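Step one of this worksheet: look at the structure below.
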Amino acid sequence: MCYHVWLADIAVKHVQGPAFLTILGAFAVACFFALSGFLLALPYVAAFVEGRKLPAWTAFARDRFLRIYPLYAFAVITLVLLNVPNPGIHPGDAHDVISHLTFTFVFNHESALTIDPPMWTMATDVQFYVLLPVLFAAVAFFDRKRRLAVLAASVVVLVAASIVWRLAHASAADAALQDFALKVIIFEQLPAMFTAFGGGILGAIAWYKAPRERRTLLGIAALLFALPFLYYGLNNLVPYIVMNDVFCGAGAAGVLVAGCALLPNRLFESKPVMWAERLSYGVYLFHFFVVDYVRQFTAPLPPWPYFFATAALAYVATSVLVLPMYLWIERPFLVLKSVLNKRAEHYLEPAA
């Protein structure tokens with residue numbers, strides 16, 4: 001939200017400001033992907049540690065579909081039917097709707113930023129959904145005592161391969177800076193972004209293996225690990241695009257584990273945080289257009305008051321907008337997901 005307000009701030013106020021503000025988007029995406037890697041890997045890691053069968057891929061696919069697709073499909077179709085102004089390459093058409101509903105739009109320069117530009121992260125996340133069960137199924141062939149070690153080594157190899165991918169495409173970095181659709185196609189899909197997902201998986205391994213009484217130490221260690229990556233990543237001291245997302249991904253994974261270990265549970269269980277979490281997916285899907293609308297009213301303000309007022313008003317306005325969507329679209333499918341999981345004896349929840 002703040003990063004997209006910052007983009008509007010640059011367009012309206014022509015103020016660049018501190019360098020780290022221009023990197024907030026990269027860090028936010030890294031947090032999103034690291035969180036996916038962490039949460040989705042936990043049931044598989046638990047199965048390895050406890051010697052149980054891996055969660056069925058059919059149940060995993062069903063859960064992912066029920067969690068993300070109904071509201072996503074509603075957003076895609078609604079934004080096109082209402083002809084919501086789109087700052088992408090061109091207004092969404094029937095081809096764009098089909099490519100978005102099948103998550104293939106990120107492979108085409110003409111469709112990568114249509115309908116709702118931030119949606120490209122959903123396509124990358126879905127690519128990870130496909131890889132995750134395959135990765136764990138492959139590791140499951142090894143002896144039970146070595147599975148976690150093989151998993152960790154495999155993730156490290158995939159992270160290294162992701163960095164190699166980025167370095168191999170370094171010659172396209174300058175062009176991608178000028179053409180975000182090109183950046184999405186080359187540097188923002190799973191081969192290049194596994195650094196963040198992999199950090200989340202490694203965090204899940206560390207979290208599950210650490211005894212409860214030592215998780216505070218794990219949190220401190222994770223935070224100390226994250227700080228130098230955040231310093232270099234958020235201050236743009238590494239080559240932008242090629243390595244910045246790598247540093248942001250490592251920092252995001254460290255912050256994630258540190259937050260789980262060091263912050264009190266009552267914080268996460270408080271009503272404001274729980275409702276912010278419930279509405280966060282809808283806010284993600286619709287905030288881009290609300291920011292564009294709100295800034296028409298906040299534009300007369302000086303640069304910094306404009307920035308904070310736009311961010312606050314856009315967040316509140318988007319939350320109000322998506323509340324009925326959560327209640328009438330998202331929540332019924334989440335309830336169905338919960339009911340089906342309770343009925344499926346073979347599906348195992350993570351032992352948190």
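Identifiers in this document derive from the order of the structure tokens: chains are assigned A, B, ..., residues are numbered from 1 separately in each chain, and ligands are numbered from 1 in order of occurrence.
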
Q) So which residues touch range 170-181 of chain A within 9 Å, counting only C-alpha atoms, skipping near sequence neighbours fewer than 6 positions away, as a list of chain:residue names? A) A:Ile89, A:Val106, A:Asn108, A:His109, A:Glu110, A:Ser111, A:Ala112, A:Leu113, A:Phe187, A:Tyr240, A:Ile241, A:Val242

So that I can see what lies close to range 303-312 of chain A, please list as a CSV table (one decimal) with N, CA and C atoms, in the first residue's frame the residues with an atom at most 7 Å from it, counting only C-alpha atoms and leaving out residues fewer than 5 positions away in the same chain.
chain,number,residue,atom,x,y,z
A,1,MET,N,0.8,-1.2,0.0
A,1,MET,CA,0.0,0.0,0.0
A,1,MET,C,0.9,1.3,0.0
A,2,CYS,N,1.8,1.3,0.9
A,2,CYS,CA,2.7,2.5,1.0
A,2,CYS,C,3.5,2.7,-0.2
A,5,VAL,N,1.4,4.1,-2.9
A,5,VAL,CA,1.2,5.5,-2.7
A,5,VAL,C,2.4,6.3,-3.0
A,6,TRP,N,3.6,5.7,-2.7
A,6,TRP,CA,4.9,6.4,-3.0
A,6,TRP,C,5.0,6.6,-4.5
A,9,ASP,N,3.0,9.4,-5.3
A,9,ASP,CA,3.6,10.6,-4.7
A,9,ASP,C,4.7,11.1,-5.7
A,13,LYS,N,3.8,14.7,-6.9
A,13,LYS,CA,4.6,15.7,-6.2
A,13,LYS,C,6.0,15.8,-6.7
A,291,VAL,N,-6.2,3.7,-4.2
A,291,VAL,CA,-5.1,4.7,-4.1
A,291,VAL,C,-5.2,5.8,-5.2
A,294,VAL,N,-8.2,8.0,-4.3
A,294,VAL,CA,-8.1,8.9,-3.1
A,294,VAL,C,-7.1,10.0,-3.3
A,295,ARG,N,-6.1,9.8,-4.1
A,295,ARG,CA,-5.1,10.8,-4.3
A,295,ARG,C,-5.6,12.0,-5.1
A,298,THR,N,-6.3,14.2,-2.1
A,298,THR,CA,-5.2,14.5,-1.2
A,298,THR,C,-4.1,15.3,-2.0

(Q) Restricting the calculation to only C-alpha atoms: of A:Phe289, A:Trp165, A:Phe142, A:Phe136, which residue gets closest to Asn83 in chain A? (A)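 Of the candidates, the smallest distance to Asn83 in chain A is held by A:Phe289.
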
Q | Option closest in space to Val246 in chain A, from A:Glu213, A:Glu269, A:Glu188, A:Asp96 [counting only C-alpha atoms] | A | A:Glu188

Q) Pick the closest to Pro85 in chain A from A:Phe288, A:Cys248, A:Thr195, A:Ser280: which is it, counting only C-alpha atoms? A)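 Closest candidate: A:Phe288.
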
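Of the residues listed (A:Pro191, A:Pro70, A:Gly25, A:Pro264), A:Pro70 shows the shortest atom-to-atom separation from Phe333 in chain A; distances use only C-alpha atoms.
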